[in-house]
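Notes follow the structure.
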Amino acid sequence: MRDERLLSVAVPRELGGEGAGISDVVDICYALGRSCASAAMVYAMHQTKIACLVRHSRAGGWHQHLLRRLCREQLLLASSTTEGQKGGDVRNSSAPIVRNGTDIALERQATVISYGEAADGIVTTARRSAEAASTDQVLVVFLKPDYVLERLAGWDALGMRGTCSEDFKLVASGSSEQILPVSYEEIHTQTMVPVAHLAWSGAWAGIAASAVDRARAFVRKAAHRAGGTLPPAASHLTRADASLRILRGLIVTALDRFESIAIDPAALVSVEFQTSMNLLKVNASEVAVSTVMSAMQTCGLAGYRNDSEFSVGRHFRDILSSPIMISNDRILSNIATASVVNGVPRSLRD
Ligand SMILES: Cc1cc2nc3c(=O)[nH]c(=O)nc-3n(C[C@H](O)[C@H](O)[C@H](O)COP(=O)(O)OP(=O)(O)OC[C@H]3O[C@@H](n4cnc5c(N)ncnc54)[C@H](O)[C@@H]3O)c2cc1C
């Protein structure tokens, strides 16, 4: 990624990047996901942080200098939102920013920081101050010389093993200019949720597509052996193909919607848009899992085995992270009120 300058594609040209839009970024996540799920997820998380910096930094400020440097040096940014025992409760932080003049310090039980040790910097949520409510959060960037990571647990997981999502205590210090100039609430709704959910979905679609590729290769080989007669499991391939189409459709529809209102903050924070972006995550993860399952059913034992050219075991282990990466249950219960309040649209295109 560094060799191809992929880490800075979404930085505006005037800051040294390529000015790529969200569709390009999500497509790269998809392409990476077809080869390596963890690489795609690392890229998706890094790009979500970049999107926050690009959209919410101040012209000529500390973060824009960082973006210039990131383009030159192809720096990799990690993300810290999960904290303590609160799981994926992103909109609450425990650890506060402690201020001493313009100096700041943060000590955080960061339960999971993917590629924490490999990253050049960490973008973390924090409580604005010791007096602030847990929902009064800021987003702050610390670079490697600013922090120490005390490793609390490793990452021996079922799948997504390459994300190296280890547990750390993060002890950081820096200057107040490293805090993004707007509240995390604003960043969360306008950028973090839509970009994270789109980029993650792109990565999951890539994993699903790769599994469908294997299933197709299996059916072709079986048909070749049988003199052109399709095996009975070909109907599972059709089902896998159908659900991959649904998955791609979900992502493209959400991308179009986000791009059409990207410069309209009022539309971005609307309940309707936030609900659609949250449901994108839930739906994309569920459809991705069922796509990989259909690919597995197509290949049968050859898909189940780890030692076969048609194995989809790794795809399956990787994709099972998607419903729990910010639990679908949590998201569904968070937006339950919106589902009660919102009516059913009067027309299909509403
Ligand atoms: C591959 C991977 C990489 C990750 N990388 C990072 C990273 O770099 N940085 C980071 O900060 N975090 C990262 N995370 C963590 C992620 O963002 C979530 O915080 C985490 O997956 C949630 O963990 P949990 O299931 O223990 O927590 P919880 O969200 O607390 O869920 C625990 C259980 O409670 C249930 N539950 C929770 N809320 C409700 C509810 N309201 N109603 C009903 N049931 C509910 C869930 O279904 C689940 O079974 C990563 C996760 C994965 C899988």
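Scheme for the structure tokens: letters A, B, ... for chains in order shown; per-chain residue numbers from 1; ligand numbers from 1 in order shown.
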
Report task. Could you report the residues within 8 Å of ligand 1, using only C-alpha atoms and all ligand atoms, as a ChimeraX atom specification? Result -> /A:38,41,45,78-83,85-90,110-116,124,159-161,163,165,321-322,324-334

Per-residue nearest contacts segment 117-161 of chain A to segment 180-186 of chain A, cut-off 7 Å, using only C-alpha atoms, as CSV:
residue,atom,partner,partner_atom,distance
A:Gln137,CA,A:Tyr184,CA,5.3
A:Val138,CA,A:Tyr184,CA,4.7
A:Leu139,CA,A:Tyr184,CA,5.6
A:Val140,CA,A:Leu180,CA,5.9

Would you mind exporting the chosen residues as a PDB file, in the first residue's frame, restricted to N, CA and C atoms?
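As a result, out-v5.pdb now contains:
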ATOM      1  N   GLN A 137     -17.437  14.199  23.988  1.00  0.00           N
ATOM      2  CA  GLN A 137     -16.159  13.624  23.565  1.00  0.00           C
ATOM      3  C   GLN A 137     -15.422  14.497  22.556  1.00  0.00           C
ATOM      4  N   VAL A 138     -14.123  14.245  22.491  1.00  0.00           N
ATOM      5  CA  VAL A 138     -13.296  14.854  21.443  1.00  0.00           C
ATOM      6  C   VAL A 138     -12.573  13.730  20.708  1.00  0.00           C
ATOM      7  N   LEU A 139     -12.035  14.090  19.532  1.00  0.00           N
ATOM      8  CA  LEU A 139     -11.196  13.147  18.785  1.00  0.00           C
ATOM      9  C   LEU A 139      -9.801  13.764  18.746  1.00  0.00           C
ATOM     10  N   VAL A 140      -8.810  12.975  19.086  1.00  0.00           N
ATOM     11  CA  VAL A 140      -7.449  13.526  19.193  1.00  0.00           C
ATOM     12  C   VAL A 140      -6.457  12.584  18.516  1.00  0.00           C
TER      13      VAL A 140
END

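The spacing separating atom CA of Gly202 of chain A from atom CA of Tyr304 of chain A amounts to 24.6 Å.
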
Requested in this report: Would you kindly return, as a list in words, each protein, DNA or RNA residue with an atom no farther than 10 Å from any atom of Gly84 of chain A, considering only C-alpha atoms and excluding same-chain residues fewer than 6 positions away?
Outcome: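 With the cut-off at 10 Å, the set is Ser93, Ser94, Ala95, Arg108, Gln109, Ala110, Thr111, Val112, Asp167 and Lys169 of chain A.
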
Please write the residues from the selection above to a file, keeping N, CA and C atoms, as a PDB file, in the first residue's frame.
ATOM      1  N   SER A  93     -17.163   7.876  26.422  1.00  0.00           N
ATOM      2  CA  SER A  93     -15.748   7.672  26.769  1.00  0.00           C
ATOM      3  C   SER A  93     -15.580   7.823  28.272  1.00  0.00           C
ATOM      4  N   SER A  94     -14.666   7.043  28.830  1.00  0.00           N
ATOM      5  CA  SER A  94     -14.368   7.163  30.262  1.00  0.00           C
ATOM      6  C   SER A  94     -13.166   8.079  30.485  1.00  0.00           C
ATOM      7  N   ALA A  95     -12.044   7.749  29.868  1.00  0.00           N
ATOM      8  CA  ALA A  95     -10.800   8.475  30.144  1.00  0.00           C
ATOM      9  C   ALA A  95     -10.881   9.915  29.624  1.00  0.00           C
ATOM     10  N   ARG A 108      -5.635   5.668  28.778  1.00  0.00           N
ATOM     11  CA  ARG A 108      -6.867   5.022  28.327  1.00  0.00           C
ATOM     12  C   ARG A 108      -6.706   3.504  28.282  1.00  0.00           C
ATOM     13  N   GLN A 109      -7.710   2.794  28.829  1.00  0.00           N
ATOM     14  CA  GLN A 109      -7.733   1.331  28.696  1.00  0.00           C
ATOM     15  C   GLN A 109      -8.344   1.047  27.328  1.00  0.00           C
ATOM     16  N   ALA A 110      -7.490   1.039  26.324  1.00  0.00           N
ATOM     17  CA  ALA A 110      -7.966   0.886  24.941  1.00  0.00           C
ATOM     18  C   ALA A 110      -8.065  -0.605  24.633  1.00  0.00           C
ATOM     19  N   THR A 111      -9.265  -1.155  24.818  1.00  0.00           N
ATOM     20  CA  THR A 111      -9.422  -2.612  24.759  1.00  0.00           C
ATOM     21  C   THR A 111      -8.867  -3.221  23.473  1.00  0.00           C
ATOM     22  N   VAL A 112      -9.148  -2.575  22.363  1.00  0.00           N
ATOM     23  CA  VAL A 112      -8.713  -3.116  21.065  1.00  0.00           C
ATOM     24  C   VAL A 112      -8.117  -1.985  20.232  1.00  0.00           C
ATOM     25  N   ASP A 167      -4.995  -5.776  22.854  1.00  0.00           N
ATOM     26  CA  ASP A 167      -5.442  -4.890  23.950  1.00  0.00           C
ATOM     27  C   ASP A 167      -4.258  -4.077  24.443  1.00  0.00           C
ATOM     28  N   LYS A 169      -2.991  -0.576  27.057  1.00  0.00           N
ATOM     29  CA  LYS A 169      -3.208   0.657  27.820  1.00  0.00           C
ATOM     30  C   LYS A 169      -2.442   1.727  27.040  1.00  0.00           C
TER      31      LYS A 169
END

Looking only at the backbone, which of the residues in segment 121-312 of chain A does DSSP tag as alpha helix (DSSP H), as a CSV table (one decimal) with C-alpha atoms, in the first residue's frame?
chain,number,residue,atom,x,y,z
A,184,TYR,CA,-16.7,14.2,18.4
A,185,GLU,CA,-20.5,14.1,18.1
A,186,GLU,CA,-20.3,16.1,14.9
A,187,ILE,CA,-17.5,14.0,13.5
A,193,VAL,CA,-20.3,6.4,10.9
A,194,PRO,CA,-20.9,6.8,7.2
A,195,VAL,CA,-17.2,6.3,6.1
A,196,ALA,CA,-16.5,3.4,8.5
A,197,HIS,CA,-19.7,1.6,7.6
A,198,LEU,CA,-19.1,2.1,3.8
A,199,ALA,CA,-15.4,1.1,4.0
A,200,TRP,CA,-16.0,-1.9,6.2
A,201,SER,CA,-18.8,-3.0,3.9
A,202,GLY,CA,-16.5,-2.7,0.9
A,203,ALA,CA,-13.9,-4.9,2.7
A,204,TRP,CA,-16.6,-7.5,3.6
A,205,ALA,CA,-18.0,-7.5,0.0
A,206,GLY,CA,-14.4,-8.3,-1.2
A,207,ILE,CA,-14.2,-11.3,1.1
A,208,ALA,CA,-17.6,-12.5,-0.1
A,209,ALA,CA,-16.6,-12.0,-3.7
A,210,SER,CA,-13.5,-14.0,-3.2
A,211,ALA,CA,-15.5,-16.9,-1.7
A,212,VAL,CA,-17.9,-16.7,-4.7
A,213,ASP,CA,-14.9,-16.9,-7.0
A,214,ARG,CA,-13.8,-20.1,-5.3
A,215,ALA,CA,-17.3,-21.6,-5.5
A,216,ARG,CA,-17.5,-20.8,-9.2
A,217,ALA,CA,-14.1,-22.4,-9.8
A,218,PHE,CA,-15.4,-25.5,-7.9
A,219,VAL,CA,-18.6,-25.8,-10.0
A,220,ARG,CA,-16.6,-25.3,-13.3
A,221,LYS,CA,-14.2,-28.0,-12.4
A,222,ALA,CA,-17.0,-30.4,-11.4
A,223,ALA,CA,-18.8,-29.6,-14.6
A,224,HIS,CA,-15.7,-30.2,-16.6
A,225,ARG,CA,-15.2,-33.6,-15.0
A,234,ALA,CA,-24.6,-25.2,-8.7
A,235,SER,CA,-27.9,-23.8,-7.3
A,236,HIS,CA,-25.9,-22.8,-4.2
A,237,LEU,CA,-23.5,-20.9,-6.5
A,238,THR,CA,-26.5,-19.1,-8.0
A,239,ARG,CA,-27.7,-18.2,-4.4
A,240,ALA,CA,-24.2,-17.0,-3.5
A,241,ASP,CA,-24.1,-14.9,-6.7
A,242,ALA,CA,-27.5,-13.5,-5.9
A,243,SER,CA,-26.6,-12.4,-2.4
A,244,LEU,CA,-23.3,-10.9,-3.6
A,245,ARG,CA,-25.4,-8.8,-6.0
A,246,ILE,CA,-27.6,-7.7,-3.2
A,247,LEU,CA,-24.5,-6.8,-1.1
A,248,ARG,CA,-23.0,-4.7,-3.9
A,249,GLY,CA,-26.4,-3.0,-4.5
A,250,LEU,CA,-26.6,-2.1,-0.8
A,251,ILE,CA,-23.2,-0.5,-0.8
A,252,VAL,CA,-23.6,1.4,-4.1
A,253,THR,CA,-27.0,2.8,-3.0
A,254,ALA,CA,-25.5,4.0,0.3
A,255,LEU,CA,-22.5,5.4,-1.5
A,256,ASP,CA,-24.7,7.4,-3.9
A,257,ARG,CA,-26.8,8.7,-1.0
A,258,PHE,CA,-23.7,9.8,1.0
A,259,GLU,CA,-22.0,11.4,-2.0
A,260,SER,CA,-25.2,13.3,-2.9
A,261,ILE,CA,-25.5,14.9,0.5
A,265,PRO,CA,-24.4,18.8,7.2
A,266,ALA,CA,-28.1,19.1,8.0
A,267,ALA,CA,-28.9,16.1,5.7
A,268,LEU,CA,-26.0,14.1,7.1
A,271,VAL,CA,-32.4,10.6,11.5
A,272,GLU,CA,-33.2,9.1,8.1
A,273,PHE,CA,-29.6,9.2,6.9
A,274,GLN,CA,-28.1,8.0,10.1
A,275,THR,CA,-30.6,5.2,10.2
A,276,SER,CA,-29.7,4.2,6.7
A,277,MET,CA,-26.0,4.2,7.4
A,278,ASN,CA,-26.4,2.1,10.6
A,279,LEU,CA,-28.6,-0.3,8.7
A,280,LEU,CA,-26.0,-0.5,6.0
A,281,LYS,CA,-23.6,-2.0,8.5
A,282,VAL,CA,-26.1,-4.5,9.8
A,283,ASN,CA,-27.4,-5.5,6.4
A,284,ALA,CA,-24.0,-5.7,4.7
A,285,SER,CA,-22.5,-7.8,7.4
A,286,GLU,CA,-25.5,-10.3,7.4
A,287,VAL,CA,-25.6,-10.6,3.6
A,288,ALA,CA,-21.8,-11.0,3.5
A,289,VAL,CA,-22.0,-13.9,6.0
A,290,SER,CA,-24.8,-15.6,4.1
A,291,THR,CA,-22.9,-15.1,0.8
A,292,VAL,CA,-19.8,-16.9,2.2
A,293,MET,CA,-22.1,-19.6,3.6
A,294,SER,CA,-23.6,-20.2,0.2
A,295,ALA,CA,-20.1,-20.4,-1.3
A,296,MET,CA,-19.3,-23.0,1.4
A,297,GLN,CA,-22.4,-25.0,0.6
A,298,THR,CA,-21.5,-24.9,-3.1
A,299,CYS,CA,-18.1,-26.4,-2.5
A,301,LEU,CA,-16.4,-30.8,1.9
A,302,ALA,CA,-13.9,-29.2,-0.5
A,303,GLY,CA,-14.9,-25.8,0.9
A,304,TYR,CA,-14.9,-26.9,4.5

Give me the residues near Val148 of chain A as a short mmCIF file (atom, residue, chain, number, x, y, z; two decimals) with C-alpha atoms, in the first residue's frame, where near means some atom within 7 Å (using only C-alpha atoms) and where sequence neighbours in that chain fewer than 4 positions away do not count.
data_model
loop_
_atom_site.label_atom_id
_atom_site.label_comp_id
_atom_site.auth_asym_id
_atom_site.auth_seq_id
_atom_site.Cartn_x
_atom_site.Cartn_y
_atom_site.Cartn_z
CA LEU A 170 -2.53 3.88 25.93
CA VAL A 171 -0.53 6.52 27.79
CA ALA A 172 -0.23 9.64 25.64
#

**Report entry** Atomic separation - atom CA of Pro96 of chain A relative to atom CA of Met192 of chain A, Å
**Finding:**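 The value is 20.3 Å.
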
Query raised in the report: Nearest to Gly21 of chain A among A:Leu70, A:Ser347, A:Gln47, A:Val340, with distances taken over only C-alpha atoms: which residue is it?
Result: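 Checking each of A:Leu70, A:Ser347, A:Gln47, A:Val340 against Gly21 of chain A, counting only C-alpha atoms, the winner is A:Gln47.
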
Query raised in the report: How many Å separate atom CA of Thr191 of chain A from atom CA of Arg55 of chain A?
Result: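 Distance between the two atoms: 7.6 Å.
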